[in-house]
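Asker: Got a file for you: data-v2.txt, compact mmCIF, C-alpha atoms.
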```
# COMPACT_ATOMS: atom_id res chain seq x y z
CA MET A 1 89.83 140.29 73.11
CA SER A 2 86.65 140.64 75.14
CA GLU A 3 84.46 137.54 75.24
CA ASP A 4 81.27 139.56 74.54
CA LYS A 5 82.68 141.36 71.53
CA VAL A 6 80.18 141.30 68.66
CA LEU A 7 81.80 139.62 65.66
CA ALA A 8 78.88 139.64 63.24
CA GLN A 9 75.19 140.44 62.92
CA VAL A 10 72.64 138.57 60.84
CA ASN A 11 69.38 140.47 60.41
CA GLY A 12 69.90 141.94 63.89
CA GLU A 13 70.91 138.59 65.47
CA VAL A 14 74.37 138.98 66.97
CA ILE A 15 77.26 136.50 67.05
CA THR A 16 79.80 137.24 69.78
CA GLU A 17 83.27 136.16 70.81
CA GLU A 18 81.61 134.22 73.63
CA ASP A 19 79.63 132.17 71.06
CA ILE A 20 82.92 131.20 69.40
CA GLU A 21 84.54 130.29 72.72
CA MET A 22 81.56 128.15 73.74
CA VAL A 23 81.77 126.05 70.57
CA ILE A 24 85.54 125.59 71.01
CA LYS A 25 85.06 124.63 74.67
CA ASN A 26 82.59 121.89 73.74
CA ALA A 27 84.70 120.53 70.86
CA ASN A 28 86.98 117.52 71.24
CA PRO A 29 90.68 118.37 71.87
CA GLN A 30 91.76 117.83 68.25
CA GLN A 31 88.95 119.99 66.87
CA ALA A 32 89.54 122.65 69.51
CA GLN A 33 93.20 122.88 68.54
CA GLN A 34 92.23 123.46 64.90
CA LEU A 35 89.55 126.00 65.79
CA HIS A 36 91.95 128.04 67.93
CA THR A 37 93.84 129.15 64.82
CA GLU A 38 92.89 132.35 63.01
CA GLN A 39 91.66 130.36 60.01
CA GLY A 40 89.77 127.95 62.25
CA ARG A 41 87.99 130.75 64.10
CA GLN A 42 87.04 132.36 60.78
CA ARG A 43 85.58 129.06 59.51
CA LEU A 44 83.66 128.73 62.76
CA LEU A 45 82.31 132.26 62.45
CA ASP A 46 81.18 131.47 58.90
CA GLN A 47 79.41 128.35 60.19
CA LEU A 48 77.63 130.30 62.93
CA ILE A 49 76.54 132.92 60.38
CA ASN A 50 75.17 130.13 58.17
CA GLN A 51 73.31 128.66 61.13
CA LYS A 52 71.71 132.03 61.83
CA LEU A 53 70.68 132.32 58.17
CA PHE A 54 69.05 128.88 58.16
CA TYR A 55 67.39 129.62 61.50
CA LEU A 56 65.82 132.79 60.12
CA ASP A 57 64.78 130.93 56.96
CA ALA A 58 63.19 128.17 59.08
CA LEU A 59 61.17 130.74 61.03
CA GLU A 60 60.02 132.35 57.81
CA GLN A 61 58.86 128.95 56.53
CA GLY A 62 57.07 128.23 59.82
CA LEU A 63 59.07 125.04 60.35
CA GLU A 64 58.75 125.40 64.12
CA ASP A 65 55.15 124.19 63.67
CA ASN A 66 56.23 121.12 61.69
CA GLN A 67 55.14 117.96 63.55
CA GLU A 68 58.39 116.11 62.86
CA PHE A 69 60.34 119.06 64.27
CA LYS A 70 58.14 119.19 67.37
CA GLU A 71 58.68 115.48 68.01
CA SER A 72 62.46 115.83 67.54
CA LEU A 73 62.51 118.86 69.83
CA GLU A 74 60.62 116.97 72.51
CA ARG A 75 63.08 114.06 72.36
CA VAL A 76 66.03 116.42 72.63
CA GLN A 77 64.40 118.32 75.49
CA ASN A 78 63.58 115.12 77.37
CA ASN A 79 67.13 113.84 77.01
CA LEU A 80 68.65 117.18 77.99
CA LEU A 81 66.40 117.49 81.03
CA SER A 82 67.19 113.96 82.23
CA GLN A 83 70.93 114.60 81.80
CA PHE A 84 70.56 117.84 83.75
CA ALA A 85 68.74 115.97 86.54
CA ILE A 86 71.59 113.41 86.73
CA LYS A 87 74.18 116.20 86.80
CA ASN A 88 72.21 117.97 89.53
CA LEU A 89 72.12 114.74 91.56
CA LEU A 90 75.83 113.91 91.27
CA GLU A 91 77.72 117.20 90.99
CA ASN A 92 78.06 117.83 94.73
CA VAL A 93 79.35 114.38 95.65
CA ALA A 94 82.65 114.71 97.54
CA VAL A 95 84.92 112.80 99.91
CA ASP A 96 86.93 114.07 102.86
CA ASP A 97 90.49 113.35 103.94
CA SER A 98 89.47 110.74 106.49
CA GLU A 99 87.72 108.66 103.81
CA ILE A 100 90.77 108.86 101.57
CA GLU A 101 93.12 107.84 104.38
CA GLU A 102 90.86 104.98 105.45
CA PHE A 103 90.70 103.62 101.89
CA TYR A 104 94.48 103.89 101.54
CA ASN A 105 95.14 102.05 104.82
CA GLN A 106 92.70 99.28 103.96
CA ASN A 107 93.99 98.79 100.41
CA LYS A 108 97.75 99.27 100.59
CA ASP A 109 98.34 96.22 98.40
CA ARG A 110 96.78 98.14 95.52
CA PHE A 111 99.43 100.81 95.72
CA LYS A 112 102.58 98.72 95.59
CA LYS A 113 105.22 99.84 93.12
CA PRO A 114 107.18 96.94 91.60
CA GLU A 115 110.95 96.81 91.37
CA SER A 116 112.21 98.96 88.51
CA VAL A 117 115.41 99.93 86.73
CA GLN A 118 116.42 103.04 84.88
CA ALA A 119 118.92 102.29 82.16
CA SER A 120 120.60 103.63 79.07
CA HIS A 121 121.92 101.58 76.18
CA ILE A 122 123.92 101.67 73.00
CA LEU A 123 122.53 99.45 70.24
CA VAL A 124 124.55 98.28 67.25
CA LYS A 125 124.08 95.50 64.70
CA GLU A 126 127.46 93.78 65.00
CA GLU A 127 129.10 92.26 68.07
CA GLU A 128 132.53 93.36 66.91
CA LYS A 129 131.40 96.99 66.83
CA ALA A 130 129.92 96.65 70.31
CA GLU A 131 133.28 95.34 71.59
CA GLU A 132 135.05 98.32 70.04
CA ILE A 133 132.67 100.72 71.77
CA LEU A 134 133.20 98.94 75.10
CA ASN A 135 136.92 99.50 74.74
CA GLU A 136 136.34 103.21 74.04
CA LEU A 137 134.20 103.44 77.16
CA LYS A 138 136.94 101.83 79.22
CA GLU A 139 139.36 104.40 77.81
CA GLY A 140 137.17 107.23 79.09
CA LEU A 141 134.55 107.98 76.43
CA ALA A 142 131.36 109.17 78.15
CA PHE A 143 128.46 106.72 77.77
CA ALA A 144 126.02 109.40 76.56
CA GLU A 145 128.50 110.60 73.97
CA ALA A 146 129.09 107.05 72.75
CA ALA A 147 125.32 106.52 72.45
CA LYS A 148 124.90 109.67 70.38
CA LYS A 149 127.84 108.68 68.20
CA TYR A 150 127.20 104.98 67.62
CA SER A 151 123.74 103.81 68.70
CA THR A 152 121.12 102.91 66.08
CA CYS A 153 118.27 103.33 68.58
CA PRO A 154 116.24 106.59 68.59
CA SER A 155 117.17 106.88 72.30
CA LYS A 156 120.63 107.99 71.14
CA ASP A 157 119.28 111.57 71.05
CA ARG A 158 118.83 111.25 74.83
CA GLY A 159 122.26 109.74 75.38
CA GLY A 160 120.73 106.26 75.19
CA ASP A 161 118.32 106.85 78.10
CA LEU A 162 115.41 104.38 78.08
CA GLY A 163 113.80 105.77 81.20
CA ASP A 164 112.41 103.73 84.07
CA PHE A 165 110.94 100.27 83.43
CA THR A 166 109.63 97.29 85.38
CA ARG A 167 109.95 93.59 84.64
CA GLY A 168 108.11 92.46 81.53
CA LYS A 169 108.61 95.72 79.66
CA MET A 170 111.81 94.81 77.81
CA VAL A 171 112.85 91.75 75.80
CA PRO A 172 113.96 88.94 78.18
CA GLU A 173 117.69 89.05 77.44
CA PHE A 174 117.87 92.80 77.99
CA GLU A 175 115.70 92.67 81.11
CA GLN A 176 117.68 89.83 82.70
CA ALA A 177 120.95 91.67 82.20
CA ALA A 178 119.66 95.06 83.40
CA PHE A 179 118.04 93.78 86.59
CA ALA A 180 121.15 91.76 87.47
CA MET A 181 123.43 94.81 87.27
CA GLU A 182 124.27 97.32 89.98
CA GLU A 183 123.46 101.02 89.88
CA GLY A 184 126.09 102.84 87.83
CA GLU A 185 127.39 99.61 86.26
CA VAL A 186 128.04 99.19 82.53
CA SER A 187 127.62 95.72 81.06
CA SER A 188 131.02 94.03 80.75
CA GLU A 189 130.07 92.43 77.44
CA PRO A 190 127.47 93.06 74.74
CA VAL A 191 123.97 91.70 75.36
CA LYS A 192 122.44 90.08 72.28
CA THR A 193 118.72 90.42 71.54
CA GLN A 194 116.56 90.23 68.42
CA PHE A 195 117.42 93.90 67.79
CA GLY A 196 121.19 93.52 67.82
CA TYR A 197 123.89 94.00 70.44
CA HIS A 198 123.35 96.23 73.46
CA ILE A 199 125.78 97.88 75.82
CA ILE A 200 123.75 98.64 78.93
CA LYS A 201 124.31 101.16 81.69
CA VAL A 202 122.09 101.03 84.78
CA THR A 203 121.61 104.57 86.06
CA ALA A 204 119.18 103.81 88.91
CA LYS A 205 117.55 100.88 90.69
CA ASN A 206 114.34 101.13 92.66
CA GLU A 207 113.29 98.39 95.05
CA ALA A 208 109.66 97.34 95.26
CA ALA A 209 107.80 99.74 97.55
CA SER A 210 104.38 101.14 98.34
CA SER A 211 103.26 104.49 96.97
CA SER A 212 102.79 107.08 99.69
CA LEU A 213 99.36 108.44 100.49
CA GLU A 214 100.26 111.78 98.92
CA GLU A 215 101.33 110.07 95.69
CA VAL A 216 97.94 108.40 95.25
CA ARG A 217 95.64 110.84 97.06
CA ALA A 218 94.16 112.30 93.85
CA GLN A 219 93.69 108.82 92.38
CA ILE A 220 91.88 107.59 95.50
CA GLU A 221 89.71 110.70 95.68
CA GLN A 222 88.63 110.27 92.06
CA GLN A 223 87.87 106.58 92.64
CA LEU A 224 85.85 107.21 95.81
CA VAL A 225 83.87 110.04 94.23
CA SER A 226 83.09 107.77 91.27
CA MET A 227 81.99 104.98 93.62
CA LYS A 228 79.77 107.33 95.62
CA GLN A 229 78.24 108.77 92.46
CA ASN A 230 77.47 105.29 91.16
CA GLN A 231 75.87 104.28 94.46
CA LEU A 232 73.82 107.48 94.52
CA TYR A 233 72.76 106.98 90.90
CA GLN A 234 71.73 103.35 91.49
CA GLY A 235 69.89 104.25 94.68
CA LYS A 236 67.99 107.08 93.00
CA THR A 237 67.14 104.80 90.08
CA GLU A 238 65.62 102.21 92.42
CA GLU A 239 63.71 104.94 94.26
CA LEU A 240 62.25 106.25 90.99
CA LYS A 241 61.32 102.74 89.84
CA GLY A 242 59.25 102.45 93.01
CA LYS A 243 57.63 105.81 92.34
CA TYR A 244 56.85 105.45 88.63
CA THR A 245 55.48 102.49 86.71
CA VAL A 246 58.03 100.75 84.49
CA THR A 247 56.84 98.13 81.99
CA ILE A 248 59.29 96.19 79.78
CA ASN A 249 57.71 94.39 76.84
CA ASP A 250 59.16 91.09 75.63
```
Represent the supplied structure as structure tokens.
Answerer:
Amino acid sequence: MSEDKVLAQVNGEVITEEDIEMVIKNANPQQAQQLHTEQGRQRLLDQLINQKLFYLDALEQGLEDNQEFKESLERVQNNLLSQFAIKNLLENVAVDDSEIEEFYNQNKDRFKKPESVQASHILVKEEEKAEEILNELKEGLAFAEAAKKYSTCPSKDRGGDLGDFTRGKMVPEFEQAAFAMEEGEVSSEPVKTQFGYHIIKVTAKNEAASSSLEEVRAQIEQQLVSMKQNQLYQGKTEELKGKYTVTIND
């Protein structure tokens, strides 16, 4: 559908597909998702038609000459113009590769990745049941299949996979056991926590390391641009304070 397609006319005033798209673009993500439906777009079109009707009615009443309206319009215009000036000041701020690399080399401690473990588990309420499952695993039952069959944790749908986690993310008993195990190892006995009894399988272990420059390049670029924009904004503010009189009343 073409963006400039005319969807409706109100006394000669047109409402186009582009008008609809502009409203959706400026809406928050949740609203935008609702407006993207056929019903949502129809409601939006109805709203835009209503706005046109009230606009025409306001002109007919001469409300554009109302003093309260003029004052409100001036406040909106002043705010919009100042926001546009700030956008115009900051929008071209950029950093180059050398600045990113320099920041990375001078702040490598910021980009350290702590030791982590990737593990799967099978959670049951009773220790006896956990022992039975351990025996089945020793007899050849696949861990993922056992998790799907017996585990009471929602992770059972993923074969018990809990993903990757660092220290402090799991309850102490679970964490202590998982970090003490070797990659590929299954706990030899059930691990008791407040949730029940766990059979743990460590699927990967990652030693503490530093993120590479490429891993954090986008993060650094965003941070440096933000810092530069803030410096530019503060500098321009001080310049303008020296140019225009500012009086703050107690």
Asker: So, counting all atoms listed in the file, which residue among A:Ser226, A:Val23, A:Lys205, A:Val216 is closest to Asn92 of chain A?
Answerer: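 Ranked by minimum distance to Asn92 of chain A, first place goes to A:Ser226.
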Asker: I want to know what sits within 8 Å of segment 133-142 of chain A, based on only C-alpha atoms, with residues of the same chain fewer than 2 positions away left out; could you give that as a list in words?
Answerer: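 Contacts, in chain order: Lys129, Ala130, Glu131, Ala144, Glu145, Ala146, Ser188, Glu189 and Ile199 of chain A.
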Asker: Atom CA of Asp157 of chain A and atom CA of Phe143 of chain A are how many Å apart?
Answerer: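 So the two atoms, atom CA of Asp157 of chain A and atom CA of Phe143 of chain A, lie 12.4 Å apart.
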Asker: Using all atoms listed in the file, which of the listed residues (A:Leu73, A:Ala8, A:Ala85, A:Val93) sits closest to Lys52 of chain A?
Answerer: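 Nearest to Lys52 of chain A: A:Ala8.
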Asker: Just how far from atom CA of Gln83 of chain A is atom CA of Gln67 of chain A, in Å to one decimal?
Answerer: 24.4 Å
Asker: List as a PyMOL selection string the protein and nucleic acid residues near segment 168-172 of chain A, meaning an atom at most 9 Å away when all atoms listed in the file are counted, but skip any in the same chain fewer than 3 places from it.
Answerer: chain A and resi 165+175-177+193-194
Asker: Any idea what's packed within 12 Å of Leu232 of chain A, counting all atoms listed in the file, ignoring anything in its chain fewer than 6 positions away? Could you give it as a list of chain:residue names?
Answerer: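 My list of contacting residues is A:Ile86, A:Lys87, A:Asn88, A:Leu89, A:Leu90, A:Glu91, A:Asn92, A:Val93, A:Ala94, A:Val225, A:Ser226, A:Glu238, A:Glu239.
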Asker: Okay, now the selection with C-alpha atoms, as a PDB file, in the frame of the given file?
Answerer:
```pdb
ATOM      1  CA  ILE A  86      71.590 113.410  86.730  1.00  0.00           C
ATOM      2  CA  LYS A  87      74.180 116.200  86.800  1.00  0.00           C
ATOM      3  CA  ASN A  88      72.210 117.970  89.530  1.00  0.00           C
ATOM      4  CA  LEU A  89      72.120 114.740  91.560  1.00  0.00           C
ATOM      5  CA  LEU A  90      75.830 113.910  91.270  1.00  0.00           C
ATOM      6  CA  GLU A  91      77.720 117.200  90.990  1.00  0.00           C
ATOM      7  CA  ASN A  92      78.060 117.830  94.730  1.00  0.00           C
ATOM      8  CA  VAL A  93      79.350 114.380  95.650  1.00  0.00           C
ATOM      9  CA  ALA A  94      82.650 114.710  97.540  1.00  0.00           C
ATOM     10  CA  VAL A 225      83.870 110.040  94.230  1.00  0.00           C
ATOM     11  CA  SER A 226      83.090 107.770  91.270  1.00  0.00           C
ATOM     12  CA  GLU A 238      65.620 102.210  92.420  1.00  0.00           C
ATOM     13  CA  GLU A 239      63.710 104.940  94.260  1.00  0.00           C
TER      14      GLU A 239
END
```
Asker: Give as a PDB file with C-alpha atoms, in the coordinates of the input each residue that has an atom at most 9 Å from (84.9, 135.9, 68.9) in the file, counting all atoms listed in the file.
Answerer:
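What ended up in result.pdb:
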```pdb
ATOM      1  CA  MET A   1      89.830 140.290  73.110  1.00  0.00           C
ATOM      2  CA  SER A   2      86.650 140.640  75.140  1.00  0.00           C
ATOM      3  CA  GLU A   3      84.460 137.540  75.240  1.00  0.00           C
ATOM      4  CA  ASP A   4      81.270 139.560  74.540  1.00  0.00           C
ATOM      5  CA  LYS A   5      82.680 141.360  71.530  1.00  0.00           C
ATOM      6  CA  VAL A   6      80.180 141.300  68.660  1.00  0.00           C
ATOM      7  CA  LEU A   7      81.800 139.620  65.660  1.00  0.00           C
ATOM      8  CA  ILE A  15      77.260 136.500  67.050  1.00  0.00           C
ATOM      9  CA  THR A  16      79.800 137.240  69.780  1.00  0.00           C
ATOM     10  CA  GLU A  17      83.270 136.160  70.810  1.00  0.00           C
ATOM     11  CA  GLU A  18      81.610 134.220  73.630  1.00  0.00           C
ATOM     12  CA  ASP A  19      79.630 132.170  71.060  1.00  0.00           C
ATOM     13  CA  ILE A  20      82.920 131.200  69.400  1.00  0.00           C
ATOM     14  CA  GLU A  21      84.540 130.290  72.720  1.00  0.00           C
ATOM     15  CA  ARG A  41      87.990 130.750  64.100  1.00  0.00           C
ATOM     16  CA  LEU A  45      82.310 132.260  62.450  1.00  0.00           C
TER      17      LEU A  45
END
```
Asker: Between A:Phe69, A:Tyr55, A:Phe174, A:Phe84, single out the one closest to His198 of chain A, counting only C-alpha atoms.
Answerer: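 Closest to His198 of chain A of all the choices is A:Phe174.
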Asker: From the options A:Ser212, A:Thr152, A:Gln223, A:Gln31, which residue's atoms come nearest to Gly196 of chain A, counting all atoms listed in the file?
Answerer: A:Thr152
Asker: Identify, on the basis of only C-alpha atoms, every residue whose closest approach to Gln33 of chain A does not exceed 10 Å; exclude the query and any residue fewer than 6 positions from it along the same chain; express the result as an mmCIF file with C-alpha atoms, in the coordinates of the input.
Answerer:
```cif
data_model
loop_
_atom_site.group_PDB
_atom_site.id
_atom_site.type_symbol
_atom_site.label_atom_id
_atom_site.label_comp_id
_atom_site.auth_asym_id
_atom_site.auth_seq_id
_atom_site.Cartn_x
_atom_site.Cartn_y
_atom_site.Cartn_z
ATOM 1 C CA ILE A 24 85.540 125.590 71.010
ATOM 2 C CA ALA A 27 84.700 120.530 70.860
ATOM 3 C CA GLY A 40 89.770 127.950 62.250
#
```
Asker: What separation in Å, quoted to one decimal, exists between atom CA of Asp161 of chain A and atom CA of Tyr197 of chain A?
Answerer: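 One can read the atom CA of Asp161 of chain A to atom CA of Tyr197 of chain A distance as 16.0 Å.
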Asker: Write out as a PyMOL selection string the residues lying within 7 Å of Glu115 of chain A, counting all atoms listed in the file and excluding same-chain residues fewer than 3 positions away.
Answerer: chain A and resi 166+206-208
Asker: Restricting the calculation to all atoms listed in the file: of A:Gln30, A:Ser82, A:Ser72, A:Asn11, which residue gets closest to Leu53 of chain A?
Answerer: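 Of A:Gln30, A:Ser82, A:Ser72, A:Asn11, the one nearest Leu53 of chain A, counting all atoms listed in the file, is A:Asn11.
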Asker: Choose the residue, out of A:Val186, A:Ala209, A:Val14, A:Val95, that has the smallest atom-to-atom separation from Met227 of chain A; count only C-alpha atoms.
Answerer: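 Ranking A:Val186, A:Ala209, A:Val14, A:Val95 by distance to Met227 of chain A, first place goes to A:Val95.
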Asker: Please return as a ChimeraX atom specification every residue within 7 Å of (124.5, 98.9, 87.3), taking into account all atoms listed in the file and the file's own coordinates.
Answerer: /A:181-186,201-203
